[in-house]
file protein_19.txt (compact mmCIF, C-alpha atoms)
# COMPACT_ATOMS: atom_id res chain seq x y z
CA MET A 1 93.15 -63.00 -28.80
CA ASN A 2 93.02 -59.27 -29.43
CA ALA A 3 93.09 -56.86 -32.36
CA ALA A 4 96.89 -56.70 -32.32
CA ASN A 5 97.16 -60.50 -32.09
CA PRO A 6 94.21 -62.36 -33.60
CA TYR A 7 95.92 -65.75 -33.06
CA SER A 8 95.34 -68.17 -30.23
CA PHE A 9 97.73 -70.90 -29.13
CA LYS A 10 96.26 -74.01 -27.52
CA LYS A 11 98.52 -76.68 -26.06
CA VAL A 12 98.40 -79.84 -28.17
CA THR A 13 96.53 -82.68 -26.45
CA LEU A 14 95.93 -86.30 -27.36
CA ASP A 15 92.63 -85.13 -28.91
CA ASP A 16 94.62 -83.12 -31.49
CA LEU A 17 96.78 -85.98 -32.76
CA ALA A 18 94.44 -86.99 -35.62
CA LEU A 19 94.39 -83.40 -36.89
CA LEU A 20 98.19 -83.18 -36.69
CA LYS A 21 98.55 -86.50 -38.51
CA ALA A 22 96.27 -85.26 -41.31
CA TRP A 23 98.20 -82.00 -41.60
CA ARG A 24 101.57 -83.77 -41.56
CA SER A 25 100.49 -86.00 -44.46
CA ALA A 26 99.50 -83.06 -46.68
CA PRO A 27 101.84 -82.55 -49.68
CA HIS A 28 102.62 -78.91 -48.81
CA VAL A 29 103.74 -79.97 -45.31
CA LEU A 30 105.61 -83.10 -46.44
CA GLU A 31 107.74 -80.92 -48.70
CA TRP A 32 109.57 -79.57 -45.62
CA TRP A 33 108.39 -81.56 -42.61
CA ASP A 34 108.94 -85.29 -42.28
CA ALA A 35 105.66 -87.13 -41.69
CA GLY A 36 107.51 -89.37 -39.22
CA GLU A 37 105.73 -90.93 -36.32
CA GLY A 38 102.96 -88.98 -34.70
CA TYR A 39 103.28 -87.58 -31.23
CA ASN A 40 102.33 -89.66 -28.22
CA GLU A 41 101.49 -88.98 -24.60
CA ALA A 42 105.16 -88.95 -23.56
CA ASP A 43 106.01 -86.43 -26.30
CA LEU A 44 103.21 -84.14 -25.15
CA ALA A 45 104.41 -84.38 -21.53
CA ASP A 46 108.02 -83.45 -22.42
CA PRO A 47 108.76 -80.21 -20.51
CA GLN A 48 111.49 -79.23 -23.00
CA VAL A 49 109.01 -78.72 -25.86
CA ALA A 50 105.77 -76.70 -25.92
CA ARG A 51 103.52 -77.77 -28.81
CA TRP A 52 100.64 -75.59 -29.99
CA ILE A 53 97.63 -75.66 -32.28
CA VAL A 54 97.35 -72.17 -33.75
CA SER A 55 93.89 -70.79 -34.53
CA ILE A 56 92.36 -67.60 -35.84
CA ALA A 57 88.68 -66.86 -35.23
CA GLU A 58 88.43 -70.32 -33.61
CA HIS A 59 89.67 -71.96 -36.85
CA PRO A 60 92.68 -74.23 -36.18
CA PHE A 61 95.08 -73.95 -39.11
CA ALA A 62 98.69 -74.39 -37.97
CA PHE A 63 101.07 -76.21 -35.67
CA MET A 64 103.91 -74.54 -33.79
CA GLN A 65 106.42 -75.72 -31.25
CA ASP A 66 108.98 -73.92 -29.17
CA TYR A 67 111.67 -75.68 -27.21
CA THR A 68 114.67 -75.16 -25.00
CA VAL A 69 117.78 -75.27 -27.16
CA HIS A 70 119.65 -76.74 -24.18
CA GLY A 71 117.55 -79.90 -23.96
CA TRP A 72 119.83 -82.05 -26.11
CA ASP A 73 123.59 -82.44 -25.62
CA THR A 74 124.42 -82.15 -29.30
CA HIS A 75 121.82 -79.61 -30.38
CA HIS A 76 123.14 -77.15 -32.96
CA PHE A 77 121.85 -74.19 -30.90
CA SER A 78 123.13 -75.38 -27.49
CA ASP A 79 125.76 -72.62 -27.38
CA LEU A 80 123.09 -69.90 -27.22
CA PRO A 81 122.47 -68.01 -23.94
CA LYS A 82 120.43 -69.64 -21.19
CA GLY A 83 116.69 -69.23 -21.78
CA SER A 84 116.96 -69.18 -25.57
CA ARG A 85 114.15 -70.95 -27.43
CA GLY A 86 113.96 -72.69 -30.77
CA ILE A 87 110.84 -72.63 -32.93
CA ASP A 88 109.37 -74.80 -35.68
CA GLN A 89 105.98 -74.59 -37.32
CA PHE A 90 103.86 -75.31 -40.34
CA ILE A 91 100.52 -74.22 -41.70
CA GLY A 92 98.35 -77.31 -41.96
CA ASP A 93 95.33 -75.83 -43.72
CA PRO A 94 96.39 -75.21 -47.35
CA ASP A 95 93.80 -72.43 -47.73
CA MET A 96 95.72 -70.39 -45.14
CA ILE A 97 99.05 -70.40 -47.02
CA GLY A 98 100.35 -67.30 -48.74
CA VAL A 99 98.00 -64.79 -47.08
CA GLY A 100 100.23 -63.55 -44.24
CA HIS A 101 99.24 -65.88 -41.44
CA GLY A 102 102.68 -67.46 -41.13
CA GLN A 103 104.34 -64.14 -40.44
CA GLY A 104 101.44 -63.14 -38.19
CA PHE A 105 101.36 -66.10 -35.84
CA ILE A 106 105.13 -66.55 -35.71
CA SER A 107 105.49 -62.88 -34.77
CA ALA A 108 102.83 -63.27 -32.05
CA ARG A 109 104.57 -66.31 -30.54
CA MET A 110 107.99 -64.65 -30.77
CA GLN A 111 106.65 -61.69 -28.78
CA MET A 112 105.32 -64.07 -26.12
CA LEU A 113 108.71 -65.79 -25.89
CA PHE A 114 110.63 -62.50 -25.70
CA ASP A 115 108.15 -61.22 -23.09
CA ALA A 116 108.81 -64.40 -21.07
CA GLY A 117 112.54 -63.61 -21.07
CA ALA A 118 114.00 -65.50 -24.03
CA PRO A 119 117.15 -63.59 -25.04
CA VAL A 120 117.37 -65.31 -28.45
CA ILE A 121 114.93 -67.24 -30.63
CA ALA A 122 116.44 -69.71 -33.07
CA THR A 123 115.01 -71.49 -36.08
CA ASP A 124 116.48 -73.85 -38.63
CA PRO A 125 114.67 -74.03 -41.97
CA HIS A 126 115.93 -76.16 -44.82
CA PRO A 127 118.19 -73.91 -46.92
CA ASP A 128 115.96 -74.46 -49.97
CA ASN A 129 112.79 -73.34 -48.16
CA LYS A 130 112.89 -69.82 -49.61
CA ARG A 131 109.36 -68.92 -48.48
CA ALA A 132 110.11 -69.70 -44.83
CA ILE A 133 113.48 -67.95 -44.94
CA ALA A 134 111.87 -64.81 -46.42
CA VAL A 135 109.27 -64.78 -43.62
CA TYR A 136 111.94 -65.26 -40.95
CA LYS A 137 113.99 -62.38 -42.38
CA LYS A 138 110.91 -60.11 -42.25
CA LEU A 139 110.59 -61.08 -38.58
CA GLY A 140 114.18 -60.08 -37.79
CA PHE A 141 115.97 -63.41 -38.07
CA GLU A 142 119.46 -63.43 -39.54
CA ALA A 143 121.48 -66.37 -40.79
CA ALA A 144 123.92 -67.49 -38.08
CA GLY A 145 126.32 -69.36 -40.31
CA PRO A 146 126.23 -71.51 -43.42
CA PRO A 147 123.86 -74.43 -43.98
CA GLN A 148 124.85 -77.46 -41.93
CA GLU A 149 123.89 -81.10 -41.64
CA THR A 150 122.32 -82.04 -38.29
CA ARG A 151 120.66 -85.14 -36.93
CA TRP A 152 117.38 -83.46 -37.94
CA GLY A 153 118.55 -82.90 -41.52
CA LEU A 154 120.10 -80.04 -43.50
CA ILE A 155 119.39 -76.66 -41.88
CA LEU A 156 120.14 -72.96 -42.19
CA PRO A 157 120.68 -71.68 -38.63
CA MET A 158 118.86 -68.39 -38.04
CA LEU A 159 118.63 -66.22 -34.93
CA ALA A 160 116.45 -63.34 -33.73
CA LYS A 161 117.36 -61.27 -30.68
CA THR A 162 115.34 -58.90 -28.52

call {"tool": "encode", "arguments": {"input": "protein_19.txt", "output": "structure tokens"}}
result
Amino acid sequence: MNAANPYSFKKVTLDDLALLKAWRSAPHVLEWWDAGEGYNEADLADPQVARWIVSIAEHPFAFMQDYTVHGWDTHHFSDLPKGSRGIDQFIGDPDMIGVGHGQGFISARMQMLFDAGAPVIATDPHPDNKRAIAVYKKLGFEAAGPPQETRWGLILPMLAKT
């Protein structure tokens, strides 16, 4: 953590699963993120996906994951260049919504991914999630085609490049 990036990213562990379950059952998260089954030890060990608890001033408030877009044969971003990463996230603490933290921590993680060599970062919000789409556009993402149905639901493909 530094003045330019006040956010810290801690790998999700089994000790974090109760917090994630509570966040994923909150109405503001359920609106866009399926509660589904919680993560398990095998999920957390999957090398294709890095899962993070995001904190500011030692206060955990969000979940973020980044993943290789080439980890699934039929992934909608599998045609992107080698090393490209996909991202998904939500703010779990409702008191942290609407005050700029989403844009802040996503930007910080994007910089880390670009610094690590990712040529493209992809995301796929629901086309009706106007708040998320507005944040992504501020961060340099552009729509990469029309909304499409995927095995993960209806998405708007968006890409950001270095």

call {"tool": "atom_distance", "arguments": {"input": "protein_19.txt", "atom1": "CA of Trp23 in chain A", "atom2": "CA of Asp93 in chain A"}}
result
7.1 Å

call {"tool": "residues_around", "arguments": {"input": "protein_19.txt", "residues": "range 104-112 of chain A", "least_positions_apart": "3", "cutoff": "9 Å", "atoms": "all atoms listed in the file", "output": "PDB file with C-alpha atoms, keeping the file's coordinate frame"}}
result
ATOM      1  CA  ALA A   4      96.890 -56.700 -32.320  1.00  0.00           C
ATOM      2  CA  ASN A   5      97.160 -60.500 -32.090  1.00  0.00           C
ATOM      3  CA  PRO A   6      94.210 -62.360 -33.600  1.00  0.00           C
ATOM      4  CA  TYR A   7      95.920 -65.750 -33.060  1.00  0.00           C
ATOM      5  CA  SER A   8      95.340 -68.170 -30.230  1.00  0.00           C
ATOM      6  CA  PHE A   9      97.730 -70.900 -29.130  1.00  0.00           C
ATOM      7  CA  VAL A  54      97.350 -72.170 -33.750  1.00  0.00           C
ATOM      8  CA  SER A  55      93.890 -70.790 -34.530  1.00  0.00           C
ATOM      9  CA  ALA A  62      98.690 -74.390 -37.970  1.00  0.00           C
ATOM     10  CA  MET A  64     103.910 -74.540 -33.790  1.00  0.00           C
ATOM     11  CA  ASP A  66     108.980 -73.920 -29.170  1.00  0.00           C
ATOM     12  CA  ILE A  87     110.840 -72.630 -32.930  1.00  0.00           C
ATOM     13  CA  GLN A  89     105.980 -74.590 -37.320  1.00  0.00           C
ATOM     14  CA  GLY A 100     100.230 -63.550 -44.240  1.00  0.00           C
ATOM     15  CA  HIS A 101      99.240 -65.880 -41.440  1.00  0.00           C
ATOM     16  CA  ASP A 115     108.150 -61.220 -23.090  1.00  0.00           C
ATOM     17  CA  ALA A 116     108.810 -64.400 -21.070  1.00  0.00           C
ATOM     18  CA  GLY A 117     112.540 -63.610 -21.070  1.00  0.00           C
ATOM     19  CA  ILE A 121     114.930 -67.240 -30.630  1.00  0.00           C
ATOM     20  CA  TYR A 136     111.940 -65.260 -40.950  1.00  0.00           C
ATOM     21  CA  LEU A 139     110.590 -61.080 -38.580  1.00  0.00           C
TER      22      LEU A 139
END

call {"tool": "residues_around", "arguments": {"input": "protein_19.txt", "residues": "Asp128 in chain A", "least_positions_apart": "4", "cutoff": "10 Å", "atoms": "all atoms listed in the file", "output": "count of residues only"}}
result
7

call {"tool": "atom_distance", "arguments": {"input": "protein_19.txt", "atom1": "CA of Gln103 in chain A", "atom2": "CA of Lys138 in chain A"}}
result
7.9 Å

call {"tool": "closest_residue", "arguments": {"input": "protein_19.txt", "among": "A:Asn129, A:Thr150, A:Gln48, A:Thr13", "to": "Val29 in chain A", "atoms": "only C-alpha atoms"}}
result
A:Asn129

call {"tool": "residues_around", "arguments": {"input": "protein_19.txt", "residues": "Gln65 in chain A", "least_positions_apart": "4", "cutoff": "10 Å", "atoms": "all atoms listed in the file", "output": "list of chain:residue names"}}
result
A:Lys11, A:Val12, A:Val49, A:Ala50, A:Arg51, A:Trp52, A:Ile53, A:Arg85, A:Gly86, A:Ile87, A:Asp88, A:Gln89, A:Phe90, A:Arg109

call {"tool": "closest_residue", "arguments": {"input": "protein_19.txt", "among": "A:Gly98, A:Pro81, A:Pro60, A:Pro157", "to": "Ala144 in chain A", "atoms": "all atoms listed in the file"}}
result
A:Pro157

call {"tool": "atom_distance", "arguments": {"input": "protein_19.txt", "atom1": "CA of Met96 in chain A", "atom2": "CA of His59 in chain A"}}
result
10.4 Å

call {"tool": "closest_residue", "arguments": {"input": "protein_19.txt", "among": "A:Asp43, A:Pro146, A:Arg24, A:Leu159", "to": "Ser84 in chain A", "atoms": "only C-alpha atoms"}}
result
A:Leu159

call {"tool": "residues_around", "arguments": {"input": "protein_19.txt", "residues": "Ala26 in chain A", "least_positions_apart": "6", "cutoff": "10 Å", "atoms": "all atoms listed in the file", "output": "PDB file with C-alpha atoms, in the frame of the given file"}}
result
ATOM      1  CA  TRP A  33     108.390 -81.560 -42.610  1.00  0.00           C
ATOM      2  CA  ALA A  35     105.660 -87.130 -41.690  1.00  0.00           C
ATOM      3  CA  GLY A  92      98.350 -77.310 -41.960  1.00  0.00           C
ATOM      4  CA  ASP A  93      95.330 -75.830 -43.720  1.00  0.00           C
ATOM      5  CA  PRO A  94      96.390 -75.210 -47.350  1.00  0.00           C
TER       6      PRO A  94
END

call {"tool": "closest_residue", "arguments": {"input": "protein_19.txt", "among": "A:Val135, A:Leu14, A:Ala42, A:Ala57", "to": "Gly102 in chain A", "atoms": "all atoms listed in the file"}}
result
A:Val135

call {"tool": "build_atoms", "arguments": {"input": "protein_19.txt", "residues": "range 84-95 of chain A", "atoms": "all heavy atoms", "output": "mmCIF file, in the coordinates of the input"}}
result
data_model
loop_
_atom_site.group_PDB
_atom_site.id
_atom_site.type_symbol
_atom_site.label_atom_id
_atom_site.label_comp_id
_atom_site.auth_asym_id
_atom_site.auth_seq_id
_atom_site.Cartn_x
_atom_site.Cartn_y
_atom_site.Cartn_z
ATOM 1 N N SER A 84 117.262 -69.285 -24.140
ATOM 2 C CA SER A 84 116.960 -69.180 -25.570
ATOM 3 C C SER A 84 115.987 -70.284 -25.971
ATOM 4 O O SER A 84 115.979 -71.369 -25.391
ATOM 5 C CB SER A 84 118.239 -69.304 -26.397
ATOM 6 O OG SER A 84 119.116 -68.227 -26.124
ATOM 7 N N ARG A 85 115.142 -69.984 -26.966
ATOM 8 C CA ARG A 85 114.150 -70.950 -27.430
ATOM 9 C C ARG A 85 114.310 -71.163 -28.931
ATOM 10 O O ARG A 85 114.663 -70.246 -29.661
ATOM 11 C CB ARG A 85 112.716 -70.436 -27.175
ATOM 12 C CG ARG A 85 112.350 -70.167 -25.740
ATOM 13 C CD ARG A 85 112.257 -71.396 -24.895
ATOM 14 N NE ARG A 85 111.042 -72.163 -25.148
ATOM 15 C CZ ARG A 85 110.763 -73.318 -24.543
ATOM 16 N NH1 ARG A 85 111.592 -73.831 -23.671
ATOM 17 N NH2 ARG A 85 109.646 -73.955 -24.822
ATOM 18 N N GLY A 86 114.032 -72.371 -29.356
ATOM 19 C CA GLY A 86 113.960 -72.690 -30.770
ATOM 20 C C GLY A 86 112.499 -72.785 -31.174
ATOM 21 O O GLY A 86 111.642 -73.077 -30.329
ATOM 22 N N ILE A 87 112.212 -72.513 -32.443
ATOM 23 C CA ILE A 87 110.840 -72.630 -32.930
ATOM 24 C C ILE A 87 110.798 -73.411 -34.239
ATOM 25 O O ILE A 87 111.744 -73.392 -35.022
ATOM 26 C CB ILE A 87 110.158 -71.247 -33.145
ATOM 27 C CG1 ILE A 87 110.911 -70.405 -34.184
ATOM 28 C CG2 ILE A 87 109.997 -70.513 -31.830
ATOM 29 C CD1 ILE A 87 110.163 -69.154 -34.649
ATOM 30 N N ASP A 88 109.695 -74.104 -34.436
ATOM 31 C CA ASP A 88 109.370 -74.800 -35.680
ATOM 32 C C ASP A 88 107.868 -74.682 -35.862
ATOM 33 O O ASP A 88 107.133 -74.652 -34.873
ATOM 34 C CB ASP A 88 109.707 -76.298 -35.607
ATOM 35 C CG ASP A 88 111.152 -76.577 -35.305
ATOM 36 O OD1 ASP A 88 112.005 -76.192 -36.123
ATOM 37 O OD2 ASP A 88 111.425 -77.195 -34.260
ATOM 38 N N GLN A 89 107.420 -74.666 -37.078
ATOM 39 C CA GLN A 89 105.980 -74.590 -37.320
ATOM 40 C C GLN A 89 105.661 -74.924 -38.766
ATOM 41 O O GLN A 89 106.539 -74.965 -39.610
ATOM 42 C CB GLN A 89 105.436 -73.199 -36.994
ATOM 43 C CG GLN A 89 105.984 -72.077 -37.850
ATOM 44 C CD GLN A 89 107.373 -71.651 -37.449
ATOM 45 O OE1 GLN A 89 107.635 -71.426 -36.276
ATOM 46 N NE2 GLN A 89 108.270 -71.563 -38.401
ATOM 47 N N PHE A 90 104.383 -75.178 -38.984
ATOM 48 C CA PHE A 90 103.860 -75.310 -40.340
ATOM 49 C C PHE A 90 102.401 -74.919 -40.346
ATOM 50 O O PHE A 90 101.718 -75.006 -39.323
ATOM 51 C CB PHE A 90 104.057 -76.728 -40.911
ATOM 52 C CG PHE A 90 103.364 -77.826 -40.148
ATOM 53 C CD1 PHE A 90 102.003 -78.069 -40.299
ATOM 54 C CD2 PHE A 90 104.077 -78.644 -39.292
ATOM 55 C CE1 PHE A 90 101.370 -79.087 -39.611
ATOM 56 C CE2 PHE A 90 103.455 -79.672 -38.596
ATOM 57 C CZ PHE A 90 102.098 -79.892 -38.763
ATOM 58 N N ILE A 91 101.942 -74.484 -41.499
ATOM 59 C CA ILE A 91 100.520 -74.220 -41.700
ATOM 60 C C ILE A 91 99.923 -75.507 -42.250
ATOM 61 O O ILE A 91 100.358 -75.988 -43.294
ATOM 62 C CB ILE A 91 100.291 -73.031 -42.646
ATOM 63 C CG1 ILE A 91 100.794 -71.746 -41.982
ATOM 64 C CG2 ILE A 91 98.809 -72.915 -43.028
ATOM 65 C CD1 ILE A 91 100.710 -70.504 -42.855
ATOM 66 N N GLY A 92 98.957 -76.058 -41.544
ATOM 67 C CA GLY A 92 98.350 -77.310 -41.960
ATOM 68 C C GLY A 92 97.251 -77.134 -42.980
ATOM 69 O O GLY A 92 97.105 -77.940 -43.896
ATOM 70 N N ASP A 93 96.452 -76.085 -42.829
ATOM 71 C CA ASP A 93 95.330 -75.830 -43.720
ATOM 72 C C ASP A 93 95.854 -75.131 -44.980
ATOM 73 O O ASP A 93 96.296 -73.980 -44.917
ATOM 74 C CB ASP A 93 94.311 -74.937 -43.007
ATOM 75 C CG ASP A 93 93.091 -74.613 -43.846
ATOM 76 O OD1 ASP A 93 93.149 -74.764 -45.086
ATOM 77 O OD2 ASP A 93 92.082 -74.188 -43.267
ATOM 78 N N PRO A 94 95.812 -75.792 -46.135
ATOM 79 C CA PRO A 94 96.390 -75.210 -47.350
ATOM 80 C C PRO A 94 95.731 -73.896 -47.777
ATOM 81 O O PRO A 94 96.362 -73.073 -48.439
ATOM 82 C CB PRO A 94 96.208 -76.297 -48.413
ATOM 83 C CG PRO A 94 95.172 -77.215 -47.877
ATOM 84 C CD PRO A 94 95.230 -77.116 -46.381
ATOM 85 N N ASP A 95 94.483 -73.678 -47.378
ATOM 86 C CA ASP A 95 93.800 -72.430 -47.730
ATOM 87 C C ASP A 95 94.368 -71.221 -46.980
ATOM 88 O O ASP A 95 94.064 -70.079 -47.324
ATOM 89 C CB ASP A 95 92.296 -72.528 -47.453
ATOM 90 C CG ASP A 95 91.612 -73.542 -48.347
ATOM 91 O OD1 ASP A 95 92.140 -73.824 -49.450
ATOM 92 O OD2 ASP A 95 90.562 -74.062 -47.943
#
